$ cat upload.cif   # mmCIF, C-alpha atoms
data_data
loop_
_atom_site.label_atom_id
_atom_site.label_comp_id
_atom_site.auth_asym_id
_atom_site.auth_seq_id
_atom_site.Cartn_x
_atom_site.Cartn_y
_atom_site.Cartn_z
CA MET A 12 97.89 72.74 98.40
CA ILE A 13 97.12 75.55 95.97
CA SER A 14 97.58 75.18 92.24
CA ARG A 15 97.25 78.68 90.76
CA CYS A 16 97.62 82.28 91.86
CA LEU A 17 96.73 85.60 90.27
CA ILE A 18 99.67 87.98 90.56
CA LEU A 19 98.39 91.57 90.67
CA ASP A 20 99.97 95.00 90.60
CA THR A 21 98.48 98.46 90.26
CA GLU A 22 99.78 101.88 89.37
CA THR A 23 98.04 104.79 91.07
CA THR A 24 97.99 108.57 90.85
CA SER A 25 99.75 108.82 94.24
CA LEU A 26 100.47 106.83 97.40
CA ASP A 27 97.47 108.32 99.25
CA GLU A 28 94.62 106.03 100.24
CA ALA A 29 92.28 108.03 98.02
CA ALA A 30 94.55 107.66 94.97
CA ALA A 31 92.93 106.45 91.76
CA ILE A 32 94.06 103.26 90.03
CA ILE A 33 95.24 104.12 86.51
CA GLU A 34 96.79 100.80 85.49
CA ILE A 35 96.46 97.18 86.47
CA GLY A 36 98.64 94.21 85.51
CA ALA A 37 97.91 90.57 86.19
CA ILE A 38 99.47 87.16 85.58
CA LEU A 39 97.64 83.90 86.12
CA TYR A 40 100.47 81.73 87.38
CA SER A 41 100.64 77.94 87.77
CA ILE A 42 102.24 77.15 91.11
CA THR A 43 102.12 73.46 90.24
CA ASN A 44 104.12 73.87 87.01
CA GLN A 45 105.93 77.10 87.95
CA CYS A 46 105.07 79.02 84.82
CA SER A 47 102.87 81.90 83.68
CA LEU A 48 99.60 80.90 82.01
CA GLN A 49 98.03 84.23 81.02
CA GLU A 50 99.02 87.88 81.19
CA LEU A 51 96.98 91.08 81.13
CA ALA A 52 97.75 94.78 81.36
CA THR A 53 95.53 97.77 80.80
CA LEU A 54 95.41 101.46 81.56
CA LEU A 55 92.18 102.74 83.05
CA PRO A 56 90.39 105.92 82.00
CA GLY A 57 91.40 109.09 83.80
CA GLU A 58 92.54 112.68 83.38
CA GLU A 59 95.31 113.29 85.93
CA ASN A 60 98.40 111.51 87.21
CA GLU A 61 100.43 113.11 89.98
CA ALA A 62 102.83 110.14 89.86
CA GLU A 63 103.80 110.62 86.21
CA ALA A 64 107.44 111.23 87.14
CA ILE A 65 107.54 107.74 88.72
CA ASN A 66 105.41 105.55 86.46
CA ARG A 67 105.78 107.63 83.26
CA ILE A 68 102.10 107.30 82.43
CA LYS A 69 100.98 110.49 80.68
CA PRO A 70 97.56 111.87 81.59
CA SER A 71 96.86 112.12 77.86
CA ALA A 72 97.24 108.32 77.65
CA LEU A 73 94.53 107.93 80.28
CA VAL A 74 92.25 110.16 78.22
CA GLU A 75 92.98 108.04 75.15
CA THR A 76 92.11 104.92 77.15
CA ALA A 77 88.69 106.41 77.80
CA ASP A 78 88.17 106.56 74.03
CA ILE A 79 89.02 102.88 73.42
CA GLY A 80 87.56 101.49 76.66
CA ALA A 81 88.95 98.91 79.06
CA SER A 82 85.87 96.76 79.65
CA HIS A 83 87.17 93.84 77.57
CA ALA A 84 90.39 93.73 79.61
CA MET A 85 88.46 93.97 82.89
CA GLU A 86 86.23 91.04 81.87
CA MET A 87 89.35 88.98 81.18
CA LEU A 88 90.69 89.95 84.61
CA PHE A 89 87.48 88.76 86.26
CA GLN A 90 87.69 85.42 84.45
CA MET A 91 91.35 85.00 85.43
CA SER A 92 90.47 85.58 89.08
CA LYS A 93 87.93 82.74 88.94
CA LYS A 94 90.71 80.33 87.92
CA ALA A 95 93.01 81.26 90.82
CA ASP A 96 93.21 80.09 94.43
CA VAL A 97 94.85 83.24 95.84
CA PHE A 98 95.85 86.76 94.87
CA VAL A 99 99.55 87.61 95.11
CA ALA A 100 101.13 91.06 95.32
CA HIS A 101 104.26 92.74 96.66
CA ASN A 102 103.12 94.90 99.59
CA ALA A 103 99.70 93.33 99.10
CA GLU A 104 97.77 95.58 101.48
CA PHE A 105 98.39 98.58 99.20
CA ASP A 106 96.79 96.84 96.22
CA ARG A 107 94.09 95.00 98.18
CA VAL A 108 92.64 98.16 99.72
CA ARG A 109 92.62 100.06 96.44
CA VAL A 110 91.29 97.25 94.27
CA PHE A 111 88.36 96.41 96.52
CA SER A 112 87.42 100.03 97.19
CA ASN A 113 87.04 100.55 93.43
CA LYS A 114 83.60 99.62 92.11
CA ASN A 115 85.13 98.58 88.76
CA PHE A 116 86.85 95.64 90.47
CA LEU A 117 83.99 94.31 92.60
CA PRO A 118 83.21 91.28 90.38
CA LEU A 119 86.66 89.83 91.14
CA ALA A 120 86.58 86.52 92.97
CA GLU A 121 86.95 86.82 96.75
CA LEU A 122 90.28 85.10 97.38
CA PRO A 123 92.92 85.20 100.12
CA TRP A 124 95.81 87.61 99.53
CA VAL A 125 99.44 86.49 99.78
CA ASP A 126 102.10 89.14 100.24
CA THR A 127 105.49 88.33 98.70
CA MET A 128 106.99 90.33 101.56
CA ASP A 129 105.79 87.57 103.91
CA MET A 130 107.62 84.86 101.97
CA LYS A 131 110.98 83.47 103.04
CA TRP A 132 113.23 84.23 100.06
CA PRO A 133 116.39 82.09 100.11
CA LEU A 134 118.81 84.70 98.75
CA ALA A 135 117.29 87.92 100.11
CA THR A 136 119.95 90.20 101.55
CA ARG A 137 117.61 92.20 103.76
CA GLU A 138 114.17 91.74 105.25
CA GLN A 139 111.19 93.61 103.81
CA GLY A 140 113.23 94.86 100.84
CA SER A 141 111.93 96.34 97.62
CA LEU A 142 110.78 94.12 94.77
CA ILE A 143 113.69 95.34 92.63
CA ASN A 144 116.22 94.41 95.31
CA LEU A 145 114.54 91.05 95.77
CA ALA A 146 114.74 90.34 92.04
CA LEU A 147 118.40 91.32 91.82
CA ASP A 148 119.25 89.20 94.88
CA HIS A 149 117.92 86.16 92.99
CA GLY A 150 119.50 86.86 89.63
CA VAL A 151 116.39 88.28 87.96
CA GLY A 152 117.32 91.11 85.60
CA VAL A 153 115.48 94.42 85.99
CA ALA A 154 115.21 96.51 82.84
CA SER A 155 112.35 98.72 84.02
CA ALA A 156 109.98 99.14 86.95
CA HIS A 157 106.88 100.94 88.18
CA ARG A 158 104.60 99.67 85.45
CA ALA A 159 102.00 97.15 86.55
CA LEU A 160 102.77 94.21 84.27
CA THR A 161 106.53 94.73 84.60
CA ASP A 162 106.31 94.28 88.37
CA CYS A 163 104.05 91.23 87.98
CA ARG A 164 106.63 89.67 85.66
CA LEU A 165 109.36 90.21 88.27
CA ILE A 166 107.30 88.22 90.78
CA ALA A 167 106.62 85.48 88.22
CA ALA A 168 110.33 85.27 87.36
CA LEU A 169 111.15 84.92 91.07
CA PHE A 170 108.60 82.12 91.40
CA ASP A 171 110.16 80.37 88.39
CA ARG A 172 113.47 80.07 90.27
CA MET A 173 112.22 78.68 93.57
CA THR A 174 112.81 75.04 94.55
CA ASP A 175 109.97 74.82 97.10
CA LEU A 176 107.32 77.27 95.96
CA GLN A 177 104.49 75.38 97.67
CA GLY A 178 106.39 75.54 100.94
CA MET A 179 106.92 79.28 100.52
CA PHE A 180 103.18 79.79 100.05
CA ALA A 181 102.47 77.69 103.14
CA VAL A 182 104.76 79.90 105.23
CA ALA A 183 103.32 83.14 103.83
CA MET A 184 99.72 82.05 104.50
CA ARG A 185 100.16 81.34 108.22
CA PRO A 186 97.85 83.21 110.67
CA LYS A 187 98.97 86.81 111.10
CA GLY A 188 98.51 89.58 113.58
CA LEU A 189 99.30 93.27 113.90
CA PHE A 190 102.13 93.84 116.34
CA GLN A 191 103.53 96.91 118.05
CA ALA A 192 107.26 97.05 118.75
CA LEU A 193 107.92 97.90 122.41
CA VAL A 194 111.29 99.56 121.91
CA PRO A 195 112.78 102.79 123.28
CA PHE A 196 113.78 105.52 120.87
CA GLU A 197 117.43 104.47 120.82
CA ARG A 198 116.41 101.02 119.49
CA LYS A 199 114.06 102.25 116.75
CA ASP A 200 116.48 101.13 114.04
CA GLU A 201 116.00 97.53 115.18
CA ALA A 202 112.25 97.82 114.68
CA LYS A 203 112.70 99.46 111.30
CA ALA A 204 115.14 96.76 110.15
CA ALA A 205 112.58 94.11 111.15
CA GLY A 206 109.95 95.65 108.87
CA PHE A 207 108.03 97.74 111.41
CA LYS A 208 106.56 101.00 110.09
CA TRP A 209 106.27 104.27 112.01
CA ASN A 210 102.69 105.41 112.66
CA GLY A 211 102.93 109.15 113.22
CA THR A 212 99.35 109.45 114.50
CA ASP A 213 99.74 106.89 117.28
CA ARG A 214 103.51 107.36 117.52
CA THR A 215 104.11 103.62 117.40
CA TRP A 216 106.11 101.13 115.32
CA THR A 217 103.78 98.45 113.95
CA ARG A 218 103.93 95.53 111.55
CA GLN A 219 101.61 92.77 110.36
CA MET A 220 103.42 89.45 110.56
CA ALA A 221 102.97 85.73 111.23
CA ILE A 222 102.02 85.27 114.88
CA GLU A 223 104.54 82.48 115.44
CA ASP A 224 107.40 84.64 114.10
CA ALA A 225 106.89 87.38 116.68
CA ALA A 226 108.65 85.36 119.39
CA ALA A 227 111.83 85.22 117.28
CA LEU A 228 112.26 89.00 117.19
CA GLY A 229 115.13 90.44 119.21
CA PHE A 230 112.88 92.89 121.08
CA PRO A 231 109.51 92.74 122.87
CA VAL A 232 106.25 93.29 120.96
CA ARG A 233 102.55 93.53 121.77
CA GLN A 234 99.89 91.97 119.56
CA ILE A 235 97.25 94.56 118.70
CA GLN A 236 94.88 92.49 116.60
CA ILE A 237 94.53 89.23 114.67
CA SER A 238 94.31 89.44 110.88
#
$ encode --input "upload.cif" --output "structure tokens"
Amino acid sequence: MISRCLILDTETTSLDEAAAIIEIGAILYSITNQCSLQELATLLPGEENEAEAINRIKPSALVETADIGASHAMEMLFQMSKKADVFVAHNAEFDRVRVFSNKNFLPLAELPWVDTMDMKWPLATREQGSLINLALDHGVGVASAHRALTDCRLIAALFDRMTDLQGMFAVAMRPKGLFQALVPFERKDEAKAAGFKWNGTDRTWTRQMAIEDAAALGFPVRQIQIS
């Protein structure tokens, strides 16, 4: 049983793997008591933001952040991570890769990552949906999005409403593997609906998922690797 998680979200200059993190939000959340314990949000110093149209973070604000510094916020983030049992994020691989490839985040505690997309949400209307859709499905109001702390608060509000949060974490933390969908072109929509992503380089549909769930898919798959 886990007692606390650190909900994380980042805003970056683009969706590329080499994109810079320009904002991080975090909530230390009590799974035991289903409530938020601490919150943090900070911009990080920078000069450019190709994603300004999406996250509305002006490059001039990043320059201003360089003047005031973010070290105090980062130290708080490190301390929060030491009080958690797991990290939580929506589409966790995106944040995990970027956070731990950034030298500014290396002192964070080494914890397992839980992806909210791997959780079984009782009122979800479609698999692998967006965080906004997931929130709306469960009666969580959405006033804004694409800012780090805002997205963390959506996850926390979803957790507040669950009747078996520990059970949801247990399901999400099962052993996973990377699977390839073995479907002909005319059945590609089935793979897409099941959360498989198109890899243009290898020309394959792949998805990381719980190993025991693969047998329940309505089409054949091949396990590529174990997570």
$ residues_around --input "upload.cif" --residues "Ile143 (chain A)" --least-positions-apart "2" --cutoff "9 Å" --atoms "all atoms listed in the file" --output "VMD selection string"
chain A and resid 140 to 141 145 to 148 151 to 153 156 162 165
$ closest_residue --input "upload.cif" --among "A:Val232, A:Val97, A:Val182, A:Leu55" --to "Ile79 (chain A)" --atoms "all atoms listed in the file"
A:Leu55
$ resolve_selection --input "upload.cif" --expression "the PyMOL selection byres ((chain A and resi 93) around 10)" --output "list in words"
Leu17, Leu88, Phe89, Gln90, Met91, Ser92, Lys94, Ala95, Asp96, Val97, Pro118, Leu119, Ala120, Glu121 and Leu122 of chain A
$ closest_residue --input "upload.cif" --among "A:Val194, A:Glu59, A:Gly229, A:Arg172" --to "Thr215 (chain A)" --atoms "all atoms listed in the file"
A:Val194
$ resolve_selection --input "upload.cif" --expression "the PyMOL selection byres ((chain A and resi 21) around 6)" --output "PDB file with C-alpha atoms, in the frame of the given file"
ATOM      1  CA  ASP A  20      99.970  95.000  90.600  1.00  0.00           C
ATOM      2  CA  GLU A  22      99.780 101.880  89.370  1.00  0.00           C
ATOM      3  CA  GLU A  34      96.790 100.800  85.490  1.00  0.00           C
ATOM      4  CA  ILE A  35      96.460  97.180  86.470  1.00  0.00           C
ATOM      5  CA  ALA A 159     102.000  97.150  86.550  1.00  0.00           C
TER       6      ALA A 159
END
$ atom_distance --input "upload.cif" --atom1 "CA of Met173 (chain A)" --atom2 "CA of Thr161 (chain A)"
19.2 Å
$ residues_around --input "upload.cif" --residues "Ala72 (chain A)" --least-positions-apart "5" --cutoff "12 Å" --atoms "all atoms listed in the file" --output "list of chain:residue names"
A:Ile33, A:Glu34, A:Thr53, A:Leu54, A:Leu55, A:Pro56, A:Gly57, A:Glu58, A:Glu59, A:Asn60, A:Glu63, A:Arg67, A:Ala77, A:Asp78, A:Ile79, A:Gly80
$ resolve_selection --input "upload.cif" --expression "the PyMOL selection byres ((chain A and resi 113) around 12)" --output "list of chain:residue names"
A:Glu28, A:Ala29, A:Ala30, A:Ala31, A:Ile32, A:Ile33, A:Leu55, A:Asp106, A:Arg107, A:Val108, A:Arg109, A:Val110, A:Phe111, A:Ser112, A:Lys114, A:Asn115, A:Phe116, A:Leu117, A:Pro118, A:Leu119
$ closest_residue --input "upload.cif" --among "A:Ala52, A:Ala192, A:Ala202, A:Ile68" --to "Ile235 (chain A)" --atoms "all atoms listed in the file"
A:Ala192
$ closest_residue --input "upload.cif" --among "A:Ile38, A:Met179, A:Ala84, A:Ile65" --to "Arg15 (chain A)" --atoms "only C-alpha atoms"
A:Ile38
$ closest_residue --input "upload.cif" --among "A:Cys163, A:Ile18, A:Leu176, A:Leu228" --to "Gln191 (chain A)" --atoms "only C-alpha atoms"
A:Leu228
$ residues_around --input "upload.cif" --residues "Met12 (chain A)" --least-positions-apart "3" --cutoff "9 Å" --atoms "all atoms listed in the file" --output "list in words"
Gln177, Phe180 and Ala181 of chain A
$ closest_residue --input "upload.cif" --among "A:Asp129, A:Glu75, A:Glu104, A:Glu50" --to "Gly206 (chain A)" --atoms "all atoms listed in the file"
A:Asp129
$ atom_distance --input "upload.cif" --atom1 "CA of Phe230 (chain A)" --atom2 "CA of Asp200 (chain A)"
11.4 Å
$ atom_distance --input "upload.cif" --atom1 "CA of His101 (chain A)" --atom2 "CA of Arg233 (chain A)"
25.2 Å
$ build_atoms --input "upload.cif" --residues "region 117-135 of chain A" --atoms "N, CA and C atoms" --output "PDB file, keeping the file's coordinate frame"
ATOM      1  N   LEU A 117      84.798  95.105  91.691  1.00  0.00           N
ATOM      2  CA  LEU A 117      83.990  94.310  92.600  1.00  0.00           C
ATOM      3  C   LEU A 117      83.656  92.912  92.103  1.00  0.00           C
ATOM      4  N   PRO A 118      83.506  92.652  90.811  1.00  0.00           N
ATOM      5  CA  PRO A 118      83.210  91.280  90.380  1.00  0.00           C
ATOM      6  C   PRO A 118      84.376  90.301  90.546  1.00  0.00           C
ATOM      7  N   LEU A 119      85.551  90.766  90.937  1.00  0.00           N
ATOM      8  CA  LEU A 119      86.660  89.830  91.140  1.00  0.00           C
ATOM      9  C   LEU A 119      86.297  88.785  92.181  1.00  0.00           C
ATOM     10  N   ALA A 120      86.810  87.586  91.990  1.00  0.00           N
ATOM     11  CA  ALA A 120      86.580  86.520  92.970  1.00  0.00           C
ATOM     12  C   ALA A 120      87.140  86.935  94.327  1.00  0.00           C
ATOM     13  N   GLU A 121      86.481  86.528  95.390  1.00  0.00           N
ATOM     14  CA  GLU A 121      86.950  86.820  96.750  1.00  0.00           C
ATOM     15  C   GLU A 121      87.935  85.731  97.161  1.00  0.00           C
ATOM     16  N   LEU A 122      89.207  86.064  97.100  1.00  0.00           N
ATOM     17  CA  LEU A 122      90.280  85.100  97.380  1.00  0.00           C
ATOM     18  C   LEU A 122      91.185  85.631  98.484  1.00  0.00           C
ATOM     19  N   PRO A 123      91.906  84.739  99.169  1.00  0.00           N
ATOM     20  CA  PRO A 123      92.920  85.200 100.120  1.00  0.00           C
ATOM     21  C   PRO A 123      94.024  85.955  99.375  1.00  0.00           C
ATOM     22  N   TRP A 124      94.683  86.862 100.092  1.00  0.00           N
ATOM     23  CA  TRP A 124      95.810  87.610  99.530  1.00  0.00           C
ATOM     24  C   TRP A 124      97.108  87.099 100.158  1.00  0.00           C
ATOM     25  N   VAL A 125      98.098  86.880  99.317  1.00  0.00           N
ATOM     26  CA  VAL A 125      99.440  86.490  99.780  1.00  0.00           C
ATOM     27  C   VAL A 125     100.401  87.618  99.436  1.00  0.00           C
ATOM     28  N   ASP A 126     101.132  88.066 100.431  1.00  0.00           N
ATOM     29  CA  ASP A 126     102.100  89.140 100.240  1.00  0.00           C
ATOM     30  C   ASP A 126     103.487  88.528 100.041  1.00  0.00           C
ATOM     31  N   THR A 127     104.143  88.864  98.937  1.00  0.00           N
ATOM     32  CA  THR A 127     105.490  88.330  98.700  1.00  0.00           C
ATOM     33  C   THR A 127     106.474  88.795  99.770  1.00  0.00           C
ATOM     34  N   MET A 128     106.123  89.876 100.480  1.00  0.00           N
ATOM     35  CA  MET A 128     106.990  90.330 101.560  1.00  0.00           C
ATOM     36  C   MET A 128     106.916  89.418 102.784  1.00  0.00           C
ATOM     37  N   ASP A 129     105.909  88.530 102.820  1.00  0.00           N
ATOM     38  CA  ASP A 129     105.790  87.570 103.910  1.00  0.00           C
ATOM     39  C   ASP A 129     106.471  86.245 103.579  1.00  0.00           C
ATOM     40  N   MET A 130     106.966  86.102 102.366  1.00  0.00           N
ATOM     41  CA  MET A 130     107.620  84.860 101.970  1.00  0.00           C
ATOM     42  C   MET A 130     109.080  84.835 102.431  1.00  0.00           C
ATOM     43  N   LYS A 131     109.585  83.648 102.647  1.00  0.00           N
ATOM     44  CA  LYS A 131     110.980  83.470 103.040  1.00  0.00           C
ATOM     45  C   LYS A 131     111.809  83.244 101.781  1.00  0.00           C
ATOM     46  N   TRP A 132     112.470  84.290 101.312  1.00  0.00           N
ATOM     47  CA  TRP A 132     113.230  84.230 100.060  1.00  0.00           C
ATOM     48  C   TRP A 132     114.656  83.770 100.365  1.00  0.00           C
ATOM     49  N   PRO A 133     115.114  82.722  99.718  1.00  0.00           N
ATOM     50  CA  PRO A 133     116.390  82.090 100.110  1.00  0.00           C
ATOM     51  C   PRO A 133     117.619  82.970  99.951  1.00  0.00           C
ATOM     52  N   LEU A 134     117.607  83.905  98.995  1.00  0.00           N
ATOM     53  CA  LEU A 134     118.810  84.700  98.750  1.00  0.00           C
ATOM     54  C   LEU A 134     118.625  86.182  99.088  1.00  0.00           C
ATOM     55  N   ALA A 135     117.541  86.510  99.766  1.00  0.00           N
ATOM     56  CA  ALA A 135     117.290  87.920 100.110  1.00  0.00           C
ATOM     57  C   ALA A 135     118.380  88.437 101.036  1.00  0.00           C
TER      58      ALA A 135
END
